[in-house]
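The next block is model.txt, given as compact mmCIF, C-alpha atoms.
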```txt
# COMPACT_ATOMS: atom_id res chain seq x y z
CA MET N 1 0.00 0.00 0.00
CA ASP N 2 1.29 3.46 -0.81
CA LYS N 3 1.62 6.27 1.73
CA ARG N 4 -0.96 8.50 0.09
CA ARG N 5 -3.69 5.85 0.25
CA ALA N 6 -2.75 4.95 3.83
CA LYS N 7 -2.94 8.60 4.88
CA GLY N 8 -6.37 8.96 3.27
CA ILE N 9 -7.66 5.89 5.09
CA GLY N 10 -6.26 7.19 8.39
CA SER N 11 -7.66 10.67 7.94
CA LYS N 12 -11.14 9.34 7.25
CA ALA N 13 -11.04 6.91 10.19
CA GLY N 14 -9.59 9.60 12.46
CA LEU N 15 -12.39 12.03 11.62
CA LYS N 16 -14.98 9.31 12.29
CA ALA N 17 -13.35 8.52 15.64
CA VAL N 18 -13.31 12.20 16.59
CA THR N 19 -16.98 12.58 15.64
CA LEU N 20 -17.89 9.57 17.78
CA GLY N 21 -15.79 11.01 20.61
CA LEU N 22 -17.64 14.32 20.45
CA ILE N 23 -20.97 12.48 20.50
CA ILE N 24 -19.85 10.51 23.56
CA ALA N 25 -18.70 13.75 25.22
CA GLU N 26 -22.12 15.30 24.56
CA VAL N 27 -23.86 12.25 26.05
CA ILE N 28 -21.64 12.35 29.16
CA LYS N 29 -22.22 16.08 29.65
CA THR N 30 -25.97 15.69 29.03
CA LEU N 31 -26.27 12.87 31.57
CA ALA N 32 -24.31 14.91 34.10
CA GLY N 33 -26.69 17.85 33.67
CA LEU N 34 -30.05 16.07 33.74
CA ASP N 35 -30.94 17.56 37.12
CA ASN N 36 -31.44 20.90 35.32
CA GLY N 37 -33.99 19.47 32.89
CA ILE N 38 -33.56 17.62 29.60
CA PHE N 39 -33.53 20.71 27.37
CA LYS N 40 -30.87 22.49 29.42
CA ALA N 41 -28.91 19.24 29.71
CA ILE N 42 -28.80 18.71 25.93
CA PHE N 43 -28.02 22.35 25.11
CA TRP N 44 -25.62 22.87 28.02
CA PHE N 45 -23.12 24.73 25.85
CA THR N 46 -25.52 27.65 25.37
CA ASP N 47 -25.67 28.39 29.11
CA TYR N 48 -21.97 28.96 29.63
CA ASP N 49 -19.65 31.75 28.69
CA TYR N 50 -17.17 29.44 27.02
CA PHE N 51 -18.90 28.85 23.70
CA LEU N 52 -15.83 30.24 21.93
CA ASN N 53 -13.66 27.76 23.84
CA LEU N 54 -15.84 24.89 22.60
CA VAL N 55 -15.66 26.06 19.00
CA ILE N 56 -11.87 26.29 19.22
CA ALA N 57 -11.70 22.84 20.83
CA VAL N 58 -13.88 21.24 18.15
CA VAL N 59 -11.79 22.72 15.34
CA ILE N 60 -8.56 21.58 16.97
CA ILE N 61 -9.84 18.09 17.76
CA TYR N 62 -10.81 17.59 14.11
CA LEU N 63 -7.38 18.79 12.99
CA CYS N 64 -5.76 16.36 15.46
CA GLY N 65 -8.01 13.55 14.22
CA HIS N 66 -6.95 14.25 10.66
CA PHE N 67 -3.21 14.48 11.26
CA TYR N 68 -2.89 11.81 13.97
CA GLY N 69 -5.15 9.56 11.89
CA GLN N 70 -2.78 9.88 8.95
CA ALA N 71 0.28 9.15 11.09
CA SER N 72 -1.33 6.19 12.83
CA SER N 73 -2.58 4.73 9.59
CA LYS N 74 0.86 4.99 8.05
CA ALA N 75 2.33 3.21 11.09
CA ILE N 76 -0.29 0.44 10.98
CA LEU N 77 -0.63 -0.12 7.23
CA ILE N 78 2.89 0.57 5.99
CA ASN N 79 5.18 -0.07 8.96
CA HIS N 80 2.97 -2.90 10.34
CA LYS N 81 2.94 -1.56 13.89
CA ASN N 82 0.59 -3.01 16.50
CA TYR N 83 -2.83 -1.57 15.73
CA ASN N 84 -3.95 -1.71 19.38
CA LEU N 85 -1.02 0.37 20.60
CA GLU N 86 -1.25 2.79 17.71
CA GLY N 87 -4.98 3.19 18.27
CA PHE N 88 -4.51 3.83 21.99
CA LYS N 89 -1.74 6.30 21.22
CA PHE N 90 -3.99 8.05 18.68
CA GLY N 91 -6.79 8.33 21.24
CA ILE N 92 -4.58 9.71 24.02
CA PHE N 93 -2.66 12.11 21.76
CA THR N 94 -5.86 13.46 20.21
CA LEU N 95 -7.49 14.00 23.60
CA PHE N 96 -4.54 15.69 25.27
CA THR N 97 -3.22 17.67 22.32
CA SER N 98 -6.60 19.13 21.46
CA THR N 99 -7.39 19.92 25.10
CA VAL N 100 -4.06 21.58 25.88
CA ILE N 101 -3.91 23.59 22.64
CA SER N 102 -7.52 24.77 22.80
CA SER N 103 -7.13 25.64 26.51
CA CYS N 104 -4.00 27.68 25.79
CA ILE N 105 -5.69 29.50 22.91
CA SER N 106 -8.70 30.24 25.11
CA PHE N 107 -6.37 31.54 27.80
CA LEU N 108 -4.68 33.85 25.30
CA ILE N 109 -8.00 35.12 23.92
CA LEU N 110 -10.08 35.37 27.09
CA GLY N 111 -7.89 34.73 30.12
CA THR N 112 -5.21 37.34 29.60
CA ALA N 113 -7.74 40.06 30.42
CA GLU N 114 -8.16 38.50 33.87
CA ILE N 115 -4.46 38.51 34.76
CA GLY N 116 -3.94 40.61 37.87
CA VAL N 117 -7.65 40.84 38.71
CA LYS N 118 -8.17 40.13 42.39
CA GLY N 119 -9.84 36.79 43.00
CA GLU N 120 -9.28 35.50 39.48
CA ASN N 121 -6.89 32.74 38.49
CA PRO N 122 -6.98 32.57 34.68
CA ILE N 123 -4.28 29.90 34.33
CA SER N 124 -6.31 27.59 36.53
CA ASP N 125 -9.63 28.59 34.94
CA TYR N 126 -8.55 28.33 31.30
CA ILE N 127 -5.79 25.71 31.28
CA ILE N 128 -5.50 23.48 34.36
CA THR N 129 -9.19 22.90 35.11
CA PRO N 130 -10.25 22.11 31.51
CA VAL N 131 -7.33 19.71 31.03
CA PHE N 132 -8.15 17.95 34.31
CA ILE N 133 -11.90 17.68 33.60
CA VAL N 134 -11.47 16.49 30.02
CA SER N 135 -8.84 13.98 31.15
CA LEU N 136 -11.07 12.70 33.93
CA TYR N 137 -14.14 12.15 31.77
CA GLY N 138 -12.44 11.56 28.42
CA LEU N 139 -9.62 9.11 29.12
CA VAL N 140 -11.62 5.88 29.02
CA PRO N 141 -13.75 6.87 25.98
CA SER N 142 -10.63 8.00 24.09
CA LEU N 143 -8.89 4.68 24.81
CA ILE N 144 -11.95 2.74 23.62
CA LEU N 145 -12.25 4.89 20.50
CA GLY N 146 -8.52 4.54 19.90
CA PHE N 147 -8.85 0.77 20.01
CA TRP N 148 -11.80 0.94 17.60
CA PHE N 149 -9.83 3.29 15.34
CA GLY N 150 -6.83 0.95 15.23
CA LYS N 151 -9.09 -1.98 14.39
CA GLN N 152 -10.75 -0.04 11.58
CA ILE N 153 -7.37 0.75 10.06
CA ARG N 154 -6.13 -2.83 10.49
CA LYS N 155 -9.16 -4.12 8.52
CA ARG N 156 -7.90 -2.20 5.49
CA LEU N 157 -4.56 -4.01 5.42
CA LYS N 158 -4.31 -6.39 2.48
CA PHE N 159 -2.01 -9.33 2.99
CA LYS N 160 -0.06 -10.58 -0.01
```
Starting from the file, lay out its structure as structure tokens.
Amino acid sequence: MDKRRAKGIGSKAGLKAVTLGLIIAEVIKTLAGLDNGIFKAIFWFTDYDYFLNLVIAVVIIYLCGHFYGQASSKAILINHKNYNLEGFKFGIFTLFTSTVISSCISFLILGTAEIGVKGENPISDYIITPVFIVSLYGLVPSLILGFWFGKQIRKRLKFK
């Protein structure tokens, strides 16, 4: 298999895995917010002031899915690496890279205005807390999706 085809397969599978991950994240957040009513639980992102943060995070997670998907697919299909390990690595890297980058961008856009304001801790609010929360709730789903991703790529390997 050539690199170009492998990268295309990985990109497509990575974007599917990211989409499933975002759906799982929405379900988790909805279930956590059911005490406020079903409508507010489903549309939780409209109640908070970090809509911009979510948009940035979604864009970055899709970019990570695309690029990490290509790299993982190349490793699995061309270099014949273990698809389980590559899938897990893809899941973890996508989760942490997208969370850290989007948190840092949000800090630069929104948090810098809060530097020096009494009672505010923008580094904690915009970087540390989001990374911790996403890691807490997203680690297991990202590992499961990474495994699924690796398996999807492995299915495309043609043995001679």
- Task: Tell me which of N:Glu26, N:Glu114, N:Asp2, N:Glu86 sits closest to N:Ile153, counting all atoms listed in the file.
- Result: N:Glu86
- N:Asn79 proximity check over N:Leu157, N:Lys16, N:Val27, N:Gly111, using all atoms listed in the file: winner is N:Leu157
- Message: Every residue with an atom at most 12 Å from (0.6, -1.9, 14.5) (file coordinates; all atoms listed in the file) is what I'm after, so could you write them as a VMD selection string?
- Response: chain N and resid 71 to 90 147 149 to 155 157
- Message: Report as a ChimeraX atom specification all protein, DNA and RNA residues lying within 12 Å of N:Leu110, evaluated on all atoms listed in the file, omitting residues in the same chain fewer than 2 positions from it.
- Response: /N:49-53,102-108,112-115,122-123,125-127
Padding 3 Å on each side, edges along x, y and z: where is the centre of the box around the listed atoms of stretch 48-63 of chain N, and how long are its edges in Å to one decimal? Output it as JSON.
```
{"center_x": -14.7, "center_y": 24.7, "center_z": 21.3, "size_x": 20.6, "size_y": 20.2, "size_z": 22.6}
```
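The coordinates place atom CA of N:Asn36 at 23.3 Å from atom CA of N:Val55.
As for atom CA of N:Gly119 and atom CA of N:Ile133, they are spaced 21.4 Å apart.
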